[in-house]
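Have a look at entry-v9.cif; it's mmCIF, C-alpha atoms:
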data_run
#
loop_
_atom_site.label_atom_id
_atom_site.label_comp_id
_atom_site.auth_asym_id
_atom_site.auth_seq_id
_atom_site.Cartn_x
_atom_site.Cartn_y
_atom_site.Cartn_z
CA MET Q 6 74.32 51.06 45.74
CA ASP Q 7 77.91 52.16 46.11
CA ASP Q 8 76.85 55.80 46.22
CA GLU Q 9 74.11 55.00 48.72
CA SER Q 10 76.52 53.04 50.91
CA ALA Q 11 79.02 55.87 50.78
CA THR Q 12 76.32 58.34 51.81
CA VAL Q 13 75.24 56.13 54.72
CA ALA Q 14 78.86 55.63 55.82
CA LYS Q 15 79.50 59.37 55.65
CA ALA Q 16 76.38 60.10 57.67
CA GLY Q 17 77.37 57.48 60.24
CA SER Q 18 80.85 58.95 60.48
CA GLU Q 19 79.43 62.42 61.07
CA TYR Q 20 77.11 61.02 63.75
CA ILE Q 21 80.03 59.33 65.51
CA GLN Q 22 82.28 62.40 65.29
CA SER Q 23 79.69 65.03 66.16
CA PRO Q 24 79.97 64.69 69.99
CA ILE Q 25 83.74 65.07 69.72
CA ALA Q 26 83.36 68.01 67.39
CA GLN Q 27 80.89 69.62 69.76
CA GLU Q 28 83.29 69.17 72.67
CA LEU Q 29 86.12 70.71 70.66
CA GLN Q 30 83.88 73.64 69.74
CA GLN Q 31 83.17 74.25 73.40
CA GLN Q 32 86.88 74.42 74.21
CA GLN Q 33 88.32 77.88 73.68
CA PRO Q 34 91.43 77.95 71.52
CA VAL Q 35 94.72 78.83 73.17
CA GLN Q 36 95.52 82.52 72.69
CA MET Q 37 99.07 83.25 73.74
CA ALA Q 38 99.90 86.75 74.95
CA THR Q 39 101.85 89.02 72.62
CA ALA Q 40 104.11 92.00 73.28
CA ARG Q 41 101.15 94.27 72.51
CA ASP Q 42 99.15 92.56 75.27
CA ARG Q 43 101.95 93.25 77.73
CA ILE Q 44 102.37 96.96 76.96
CA ALA Q 45 98.73 97.88 76.32
CA GLY Q 46 97.91 98.18 80.03
CA PHE Q 47 100.84 100.54 80.62
CA ALA Q 48 99.95 102.82 77.70
CA ALA Q 49 96.24 102.92 78.54
CA GLY Q 50 97.06 103.63 82.18
CA ILE Q 51 98.39 107.08 81.22
CA ALA Q 52 94.95 108.05 79.90
CA SER Q 53 93.35 106.63 83.05
CA GLY Q 54 95.61 108.70 85.31
CA ALA Q 55 94.81 111.94 83.48
CA THR Q 56 91.10 111.19 83.82
CA LYS Q 57 91.45 110.66 87.57
CA LEU Q 58 93.14 114.02 88.01
CA PHE Q 59 90.51 115.98 86.12
CA VAL Q 60 87.52 114.31 87.79
CA GLY Q 61 88.80 113.49 91.24
CA HIS Q 62 91.33 116.04 92.50
CA PRO Q 63 88.84 118.54 94.00
CA PHE Q 64 87.19 115.69 95.94
CA ASP Q 65 90.64 114.49 96.98
CA THR Q 66 91.61 117.90 98.38
CA VAL Q 67 88.46 117.99 100.52
CA LYS Q 68 89.03 114.40 101.66
CA ILE Q 69 92.66 114.99 102.65
CA ARG Q 70 91.85 118.17 104.55
CA CYS Q 71 89.01 116.49 106.46
CA GLN Q 72 91.15 113.44 107.24
CA VAL Q 73 94.19 115.30 108.48
CA GLU Q 74 92.39 118.11 110.30
CA GLY Q 75 90.27 115.52 112.11
CA GLY Q 76 88.16 116.99 114.88
CA HIS Q 77 90.27 120.08 115.47
CA GLY Q 78 87.46 122.47 114.56
CA ARG Q 79 88.70 124.06 111.32
CA PHE Q 80 85.83 122.49 109.35
CA LYS Q 81 82.40 121.28 110.43
CA GLY Q 82 82.28 118.69 107.68
CA PRO Q 83 83.04 118.00 103.99
CA LEU Q 84 80.62 120.63 102.63
CA ASP Q 85 81.95 123.24 105.05
CA CYS Q 86 85.50 122.33 104.00
CA LEU Q 87 84.58 122.76 100.32
CA LEU Q 88 82.83 126.10 100.82
CA ASN Q 89 85.53 127.53 103.11
CA THR Q 90 88.31 126.44 100.79
CA VAL Q 91 86.68 128.16 97.81
CA ARG Q 92 85.72 131.23 99.87
CA GLN Q 93 89.10 131.73 101.52
CA GLU Q 94 91.47 130.53 98.78
CA GLY Q 95 89.47 130.56 95.57
CA PRO Q 96 88.31 127.70 93.31
CA ARG Q 97 91.86 126.98 92.15
CA ALA Q 98 92.68 125.88 95.70
CA LEU Q 99 90.72 122.67 95.02
CA TYR Q 100 93.51 121.78 92.59
CA LYS Q 101 96.33 122.52 95.04
CA GLY Q 102 99.08 119.97 94.65
CA ALA Q 103 97.67 118.92 91.26
CA SER Q 104 100.89 119.51 89.32
CA ILE Q 105 102.65 116.49 90.78
CA PRO Q 106 99.64 114.14 90.32
CA LEU Q 107 99.25 115.34 86.72
CA VAL Q 108 102.43 113.44 86.01
CA GLY Q 109 102.24 111.20 89.06
CA TRP Q 110 98.79 109.75 88.49
CA ALA Q 111 99.57 109.11 84.85
CA VAL Q 112 102.73 107.23 85.89
CA MET Q 113 100.96 105.52 88.83
CA ASP Q 114 98.09 104.27 86.70
CA ALA Q 115 100.49 103.19 83.97
CA VAL Q 116 102.45 101.15 86.54
CA GLN Q 117 99.38 99.88 88.39
CA LEU Q 118 97.30 98.90 85.36
CA GLY Q 119 100.25 97.72 83.30
CA SER Q 120 101.45 95.47 86.13
CA LEU Q 121 97.86 94.34 86.75
CA SER Q 122 97.60 93.18 83.13
CA ASN Q 123 100.90 91.33 83.37
CA TYR Q 124 100.07 89.69 86.71
CA ARG Q 125 96.84 88.47 85.12
CA LEU Q 126 98.80 87.02 82.20
CA LEU Q 127 101.21 85.39 84.66
CA LEU Q 128 98.30 83.70 86.44
CA GLN Q 129 96.94 82.65 83.04
CA ASN Q 130 100.29 81.13 82.02
CA ASN Q 131 100.24 83.61 79.11
CA ASN Q 132 97.07 81.98 77.74
CA LYS Q 133 94.54 84.81 77.34
CA SER Q 134 91.68 82.36 76.80
CA HIS Q 135 92.11 80.95 80.32
CA LYS Q 136 89.47 82.45 82.61
CA LEU Q 137 90.73 83.60 86.00
CA THR Q 138 88.71 83.15 89.17
CA HIS Q 139 87.56 86.12 91.24
CA PHE Q 140 90.26 85.27 93.79
CA GLU Q 141 92.96 85.24 91.12
CA HIS Q 142 91.82 88.65 89.90
CA GLY Q 143 92.18 89.80 93.50
CA LEU Q 144 95.71 88.38 93.69
CA ALA Q 145 96.65 90.25 90.51
CA GLY Q 146 95.27 93.41 92.11
CA LEU Q 147 97.31 92.80 95.27
CA GLY Q 148 100.49 92.45 93.24
CA ALA Q 149 99.67 95.60 91.29
CA GLY Q 150 99.05 97.47 94.54
CA TRP Q 151 102.42 96.56 96.02
CA THR Q 152 104.15 97.38 92.73
CA VAL Q 153 102.59 100.82 92.33
CA ALA Q 154 103.31 101.71 95.98
CA MET Q 155 106.92 102.39 94.94
CA VAL Q 156 105.68 105.14 92.62
CA ALA Q 157 102.69 106.26 94.68
CA THR Q 158 104.58 107.06 97.89
CA PRO Q 159 106.60 110.03 96.56
CA VAL Q 160 103.61 111.35 94.61
CA GLU Q 161 101.22 111.15 97.54
CA ILE Q 162 103.47 112.55 100.25
CA ILE Q 163 104.34 115.59 98.11
CA LYS Q 164 100.73 116.09 97.00
CA MET Q 165 99.30 115.83 100.52
CA ARG Q 166 101.83 118.17 102.09
CA LEU Q 167 100.94 120.80 99.50
CA GLN Q 168 97.21 120.17 100.01
CA MET Q 169 97.60 120.68 103.77
CA GLN Q 170 99.31 124.04 103.29
CA TYR Q 171 96.77 126.72 104.14
CA ALA Q 172 99.12 129.71 104.15
CA THR Q 173 99.66 131.79 101.03
CA GLY Q 174 102.42 134.05 99.74
CA THR Q 175 105.57 134.35 101.81
CA GLU Q 176 104.01 132.48 104.73
CA ARG Q 177 103.99 129.21 102.84
CA LYS Q 178 106.26 126.46 104.17
CA TYR Q 179 106.66 124.87 100.75
CA ARG Q 180 107.02 126.81 97.50
CA GLY Q 181 106.14 123.81 95.36
CA PRO Q 182 106.70 120.08 94.75
CA ILE Q 183 110.47 120.38 94.39
CA ASP Q 184 110.70 122.27 97.66
CA VAL Q 185 108.75 119.50 99.42
CA ALA Q 186 111.07 116.86 97.96
CA ARG Q 187 114.11 118.88 99.06
CA HIS Q 188 112.73 119.16 102.60
CA LEU Q 189 111.99 115.42 102.85
CA THR Q 190 115.43 114.50 101.56
CA LYS Q 191 117.07 116.81 104.07
CA GLN Q 192 114.94 115.42 106.92
CA TYR Q 193 114.99 111.68 106.13
CA GLY Q 194 117.95 111.18 103.81
CA ILE Q 195 118.28 110.22 100.17
CA PHE Q 196 115.14 108.06 100.33
CA GLY Q 197 113.11 110.75 102.07
CA ILE Q 198 110.49 110.96 99.33
CA TRP Q 199 109.72 107.31 100.09
CA HIS Q 200 108.97 108.15 103.73
CA GLY Q 201 105.82 106.16 104.44
CA LEU Q 202 106.35 103.35 101.92
CA PRO Q 203 105.20 100.58 104.35
CA ALA Q 204 102.06 102.62 105.08
CA THR Q 205 101.35 103.00 101.36
CA MET Q 206 101.89 99.27 100.77
CA SER Q 207 99.46 98.48 103.60
CA GLN Q 208 96.80 100.69 102.04
CA ARG Q 209 97.45 99.39 98.51
CA SER Q 210 97.03 95.80 99.75
CA PHE Q 211 93.30 96.48 99.57
CA PHE Q 212 93.57 96.50 95.78
CA PHE Q 213 92.79 92.81 96.26
CA PHE Q 214 89.20 93.89 96.97
CA LEU Q 215 89.18 96.50 94.20
CA TRP Q 216 90.05 94.16 91.36
CA GLY Q 217 88.47 91.04 92.84
CA SER Q 218 85.13 92.82 93.23
CA TYR Q 219 85.52 94.44 89.79
CA ASP Q 220 85.47 90.98 88.25
CA VAL Q 221 82.46 89.98 90.39
CA TYR Q 222 80.49 93.08 89.39
CA SER Q 223 81.48 92.76 85.72
CA GLU Q 224 80.31 89.15 85.58
CA TRP Q 225 77.00 90.09 87.22
CA LEU Q 226 76.40 93.06 84.91
CA ARG Q 227 77.11 90.92 81.83
CA SER Q 228 74.39 88.53 82.98
CA LEU Q 229 71.81 91.32 82.78
CA ARG Q 230 69.69 92.22 79.78
CA GLY Q 231 67.98 95.41 78.78
CA SER Q 232 64.43 95.83 80.07
CA SER Q 233 61.51 97.99 78.96
CA SER Q 234 60.69 98.98 82.55
CA PHE Q 235 62.64 100.67 85.36
CA PRO Q 236 65.48 100.10 86.24
CA PHE Q 237 65.81 99.03 82.59
CA MET Q 238 67.95 96.02 83.52
CA SER Q 239 66.80 92.48 84.30
CA ARG Q 240 68.36 89.08 84.88
CA THR Q 241 68.60 86.82 81.84
CA GLY Q 242 65.42 84.77 81.60
CA SER Q 243 63.17 87.17 83.54
CA PRO Q 244 59.83 88.09 81.88
CA SER Q 245 60.84 91.72 81.29
CA ALA Q 246 64.31 90.97 79.89
CA VAL Q 247 65.00 91.54 76.22
CA GLU Q 248 67.26 88.55 75.58
CA ASN Q 249 69.14 90.04 72.63
CA ARG Q 250 70.02 93.25 74.46
CA PRO Q 251 73.01 92.69 76.75
CA LEU Q 252 74.44 95.75 78.46
CA PRO Q 253 77.11 97.51 76.37
CA GLU Q 254 80.60 96.48 77.45
CA LYS Q 255 81.61 100.09 78.02
CA LEU Q 256 78.68 100.55 80.40
CA VAL Q 257 79.71 97.36 82.21
CA ASN Q 258 83.24 98.78 82.62
CA PHE Q 259 81.92 102.11 83.94
CA LEU Q 260 79.41 100.69 86.44
CA ALA Q 261 81.65 97.84 87.65
CA GLY Q 262 84.56 100.26 88.06
CA GLY Q 263 82.51 102.63 90.19
CA MET Q 264 81.05 99.88 92.38
CA ALA Q 265 84.45 98.23 92.84
CA ALA Q 266 85.93 101.57 93.92
CA ASN Q 267 83.17 102.02 96.51
CA THR Q 268 83.91 98.51 97.79
CA PHE Q 269 87.63 99.26 97.99
CA TRP Q 270 87.18 102.47 99.99
CA THR Q 271 84.68 100.88 102.36
CA PHE Q 272 87.28 98.29 103.37
CA CYS Q 273 90.45 100.36 103.33
CA TYR Q 274 89.34 103.78 104.56
CA PRO Q 275 90.55 103.51 108.20
CA VAL Q 276 94.01 102.45 106.97
CA ASP Q 277 93.99 105.32 104.48
CA VAL Q 278 93.24 107.83 107.26
CA VAL Q 279 96.12 106.55 109.38
CA LYS Q 280 98.48 106.51 106.39
CA ASN Q 281 97.67 110.12 105.52
CA ARG Q 282 97.99 111.31 109.12
CA TYR Q 283 101.35 109.57 109.36
CA MET Q 284 102.71 111.02 106.09
CA THR Q 285 101.60 114.62 106.75
CA GLN Q 286 102.49 114.95 110.43
CA GLY Q 287 105.29 117.22 111.66
CA ASP Q 288 108.84 115.96 111.20
CA ASP Q 289 110.24 116.95 114.60
CA SER Q 290 108.91 113.99 116.62
CA PRO Q 291 106.81 111.85 114.25
CA ILE Q 292 104.54 109.08 115.52
CA PRO Q 293 105.38 105.65 113.98
CA PHE Q 294 102.83 104.25 111.55
CA ARG Q 295 101.70 101.37 113.77
CA LYS Q 296 101.29 103.66 116.77
CA MET Q 297 99.28 106.14 114.71
CA PHE Q 298 96.30 103.76 114.85
CA ARG Q 299 96.34 103.98 118.64
CA HIS Q 300 96.87 107.75 118.53
CA VAL Q 301 93.83 108.32 116.29
CA TYR Q 302 91.64 106.10 118.45
CA ARG Q 303 92.82 107.68 121.70
CA THR Q 304 92.34 111.27 120.51
CA GLU Q 305 89.17 110.93 118.40
CA GLY Q 306 87.65 107.49 118.95
CA LEU Q 307 86.33 105.28 116.17
CA SER Q 308 84.88 108.26 114.32
CA GLY Q 309 88.42 109.49 113.74
CA PHE Q 310 89.02 106.61 111.34
CA PHE Q 311 86.19 107.82 109.10
CA ARG Q 312 86.91 111.54 108.83
CA GLY Q 313 86.24 112.60 105.25
CA PHE Q 314 84.64 109.29 104.33
CA ILE Q 315 81.62 110.84 102.61
CA PRO Q 316 83.55 112.94 100.04
CA SER Q 317 85.90 110.02 99.46
CA PHE Q 318 83.03 107.59 98.90
CA ILE Q 319 81.22 110.02 96.61
CA ARG Q 320 84.42 110.82 94.74
CA SER Q 321 85.39 107.20 94.25
CA PHE Q 322 82.49 106.27 91.97
CA PRO Q 323 82.73 108.92 89.21
CA THR Q 324 86.52 109.15 89.40
CA ASN Q 325 87.30 105.44 89.17
CA ALA Q 326 84.34 104.58 86.96
CA SER Q 327 85.58 107.15 84.43
CA ALA Q 328 89.22 106.07 84.79
CA ILE Q 329 88.52 102.33 84.38
CA PHE Q 330 86.16 103.04 81.49
CA VAL Q 331 88.92 105.03 79.74
CA TRP Q 332 91.51 102.34 80.54
CA GLU Q 333 89.44 99.40 79.27
CA SER Q 334 88.40 101.32 76.14
CA THR Q 335 91.98 102.35 75.39
CA VAL Q 336 93.26 98.79 75.95
CA ARG Q 337 90.68 97.47 73.49
CA LEU Q 338 91.68 100.14 70.98
CA ILE Q 339 95.38 99.30 71.28
CA LYS Q 340 94.83 95.55 71.12
CA GLY Q 341 92.07 95.68 68.51
CA GLU Q 342 89.74 93.54 70.60
CA GLY Q 343 86.02 93.77 71.19
CA ARG Q 344 86.37 92.99 74.91
CA HIS Q 345 89.37 93.04 77.22
#
Is it possible to express this structure as structure tokens?
Amino acid sequence: MDDESATVAKAGSEYIQSPIAQELQQQQPVQMATARDRIAGFAAGIASGATKLFVGHPFDTVKIRCQVEGGHGRFKGPLDCLLNTVRQEGPRALYKGASIPLVGWAVMDAVQLGSLSNYRLLLQNNNKSHKLTHFEHGLAGLGAGWTVAMVATPVEIIKMRLQMQYATGTERKYRGPIDVARHLTKQYGIFGIWHGLPATMSQRSFFFFLWGSYDVYSEWLRSLRGSSSFPFMSRTGSPSAVENRPLPEKLVNFLAGGMAANTFWTFCYPVDVVKNRYMTQGDDSPIPFRKMFRHVYRTEGLSGFFRGFIPSFIRSFPTNASAIFVWESTVRLIKGEGRH
């Protein structure tokens, strides 16, 4: 009887405690951020920046030339710009100005993605198990955008001025990145290479949409399951879904990164056009950044704000999808986690 009573009491105790135990199981344990968590984003950002250069620089050259030339008749469109550039200057011309981004993009992505990771941790109160909202992911992106603008401004103004140099040989205005930096310093003072910082910060503010939408797209893609019929993806619970076949995390990173980049460029492109016009214009009597909006509209109309949009939009998916895929994969490798 004593053994039977003990068994009944034990069973009753388990019955009473089971709801509490279930609730505790549902609560994610606190996972405090470590030093590795704080530096992983910076280290992985270097790999992301190198990926962007290799995949995206030819598209970027075409985009910049279309944006800055505007409707002045040098090119009929993006394809004509590409063909004429290769025909007149050779295929290597598509990588004009690539030497500074080779280092610059690696540093920019290290700063951007490293600061992004740390802003996320700040919003999480250093508790990695705390799930951020889409809006909070956007705020982290905004902070990362403003932070990286300090690095991006010198890189971009030097890169673009070299990209917009059509002359060759002794007719060139700039002999290379150092010559551009020397010219800017002479023209605008010791902080000349940061000429256009407010414009860059304005454009980078749209990182709110990049990283906010990245979280939205990632969450949606993780809700999908493999399907036996085209497009081989279905919502969880649909008749064609294979419930035990979620999309691979690396595929989620790639697709969400590309779609988020397309979203970012759709919103920020007019500001990007004005920024680039402002930073590459002549130095004798430059138009202020705010007045450049009016200048573009007055000289070219609304279409002027979308010069080069097609190559930029096309470029943004493979370039950023590849870069974010590399970044997320490298972060997981450094941190030893299955999912970042």
Matched chain/residue IDs from the PyMOL selection byres ((chain Q and resi 209) around 10), as a short mmCIF file (atom, residue, chain, number, x, y, z; two decimals) with C-alpha atoms, in the coordinates of the input:
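Dumped to expr.cif:
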data_model
loop_
_atom_site.label_atom_id
_atom_site.label_comp_id
_atom_site.auth_asym_id
_atom_site.auth_seq_id
_atom_site.Cartn_x
_atom_site.Cartn_y
_atom_site.Cartn_z
CA GLY Q 146 95.27 93.41 92.11
CA LEU Q 147 97.31 92.80 95.27
CA GLY Q 148 100.49 92.45 93.24
CA ALA Q 149 99.67 95.60 91.29
CA GLY Q 150 99.05 97.47 94.54
CA TRP Q 151 102.42 96.56 96.02
CA THR Q 152 104.15 97.38 92.73
CA VAL Q 153 102.59 100.82 92.33
CA ALA Q 154 103.31 101.71 95.98
CA ALA Q 157 102.69 106.26 94.68
CA PRO Q 203 105.20 100.58 104.35
CA ALA Q 204 102.06 102.62 105.08
CA THR Q 205 101.35 103.00 101.36
CA MET Q 206 101.89 99.27 100.77
CA SER Q 207 99.46 98.48 103.60
CA GLN Q 208 96.80 100.69 102.04
CA SER Q 210 97.03 95.80 99.75
CA PHE Q 211 93.30 96.48 99.57
CA PHE Q 212 93.57 96.50 95.78
CA PHE Q 213 92.79 92.81 96.26
CA LEU Q 215 89.18 96.50 94.20
CA PHE Q 269 87.63 99.26 97.99
CA CYS Q 273 90.45 100.36 103.33
CA VAL Q 276 94.01 102.45 106.97
CA ASP Q 277 93.99 105.32 104.48
#
Note to self: If the PyMOL selection byres ((chain Q and resi 333-340) around 12) were run on this exact file, what residues would it hold? Put them as a count of residues only.
What the structure shows: 42
Item checked: Explicit residues for the PyMOL selection byres ((chain Q and resi 181-193) around 12) (as number ranges by chain) -> Q: 101-109, 158-168, 170, 173-174, 177-180, 194-201, 284-285, 287-291
Margin query: Between atom CA of Q:Ser120 and atom CA of Q:Trp216, what is the distance in Å, rounded to a tenth?
Written below: 12.6 Å
Notebook entry, point to check: Between Q:Leu137, Q:Met155, Q:Val221, Q:Met169, which is the closest to Q:Val67 once you count all atoms listed in the file?
Noted result: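 Selected residue with least distance to Q:Val67: Q:Met169.
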Would you mind putting N, CA and C atoms back on stretch 300-329 of chain Q and writing the result as a compact mmCIF listing (two decimals), in the frame of the given file?
# COMPACT_ATOMS: atom_id res chain seq x y z
N HIS Q 300 96.97 106.30 118.31
CA HIS Q 300 96.87 107.75 118.53
C HIS Q 300 95.52 108.28 118.03
N VAL Q 301 95.11 107.86 116.84
CA VAL Q 301 93.83 108.32 116.29
C VAL Q 301 92.68 107.87 117.17
N TYR Q 302 92.72 106.62 117.61
CA TYR Q 302 91.64 106.10 118.45
C TYR Q 302 91.60 106.81 119.80
N ARG Q 303 92.77 107.05 120.39
CA ARG Q 303 92.82 107.68 121.70
C ARG Q 303 92.36 109.14 121.65
N THR Q 304 92.66 109.85 120.59
CA THR Q 304 92.34 111.27 120.51
C THR Q 304 90.96 111.54 119.94
N GLU Q 305 90.45 110.64 119.06
CA GLU Q 305 89.17 110.93 118.40
C GLU Q 305 88.17 109.78 118.43
N GLY Q 306 88.56 108.62 118.93
CA GLY Q 306 87.65 107.49 118.95
C GLY Q 306 87.50 106.86 117.58
N LEU Q 307 86.54 105.97 117.44
CA LEU Q 307 86.33 105.28 116.17
C LEU Q 307 85.97 106.23 115.04
N SER Q 308 85.27 107.32 115.37
CA SER Q 308 84.88 108.26 114.32
C SER Q 308 86.08 108.89 113.64
N GLY Q 309 87.22 108.92 114.33
CA GLY Q 309 88.42 109.49 113.74
C GLY Q 309 88.92 108.73 112.53
N PHE Q 310 88.59 107.43 112.47
CA PHE Q 310 89.02 106.61 111.34
C PHE Q 310 88.16 106.84 110.09
N PHE Q 311 87.10 107.61 110.24
CA PHE Q 311 86.19 107.82 109.10
C PHE Q 311 86.01 109.29 108.76
N ARG Q 312 86.95 110.14 109.21
CA ARG Q 312 86.91 111.54 108.83
C ARG Q 312 87.07 111.67 107.33
N GLY Q 313 86.16 112.41 106.69
CA GLY Q 313 86.24 112.60 105.25
C GLY Q 313 85.75 111.44 104.43
N PHE Q 314 85.07 110.47 105.08
CA PHE Q 314 84.64 109.29 104.33
C PHE Q 314 83.62 109.63 103.26
N ILE Q 315 82.69 110.53 103.56
CA ILE Q 315 81.62 110.84 102.61
C ILE Q 315 82.17 111.41 101.30
N PRO Q 316 83.02 112.47 101.33
CA PRO Q 316 83.55 112.94 100.04
C PRO Q 316 84.39 111.89 99.32
N SER Q 317 85.10 111.07 100.09
CA SER Q 317 85.90 110.02 99.46
C SER Q 317 85.02 108.99 98.77
N PHE Q 318 83.94 108.59 99.46
CA PHE Q 318 83.03 107.59 98.90
C PHE Q 318 82.33 108.13 97.66
N ILE Q 319 81.89 109.40 97.75
CA ILE Q 319 81.22 110.02 96.61
C ILE Q 319 82.19 110.17 95.44
N ARG Q 320 83.39 110.62 95.76
CA ARG Q 320 84.42 110.82 94.74
C ARG Q 320 84.80 109.53 94.04
N SER Q 321 84.83 108.44 94.78
CA SER Q 321 85.39 107.20 94.25
C SER Q 321 84.60 106.66 93.06
N PHE Q 322 83.27 106.85 93.07
CA PHE Q 322 82.49 106.27 91.97
C PHE Q 322 82.77 106.98 90.64
N PRO Q 323 82.51 108.30 90.52
CA PRO Q 323 82.73 108.92 89.21
C PRO Q 323 84.20 108.91 88.78
N THR Q 324 85.10 109.09 89.75
CA THR Q 324 86.52 109.15 89.40
C THR Q 324 87.02 107.82 88.85
N ASN Q 325 86.78 106.75 89.59
CA ASN Q 325 87.30 105.44 89.17
C ASN Q 325 86.47 104.81 88.07
N ALA Q 326 85.17 105.08 88.06
CA ALA Q 326 84.34 104.58 86.96
C ALA Q 326 84.82 105.17 85.65
N SER Q 327 85.09 106.48 85.65
CA SER Q 327 85.58 107.15 84.43
C SER Q 327 86.96 106.64 84.05
N ALA Q 328 87.84 106.49 85.06
CA ALA Q 328 89.22 106.07 84.79
C ALA Q 328 89.26 104.64 84.24
N ILE Q 329 88.51 103.73 84.85
CA ILE Q 329 88.52 102.33 84.38
C ILE Q 329 87.86 102.22 83.02
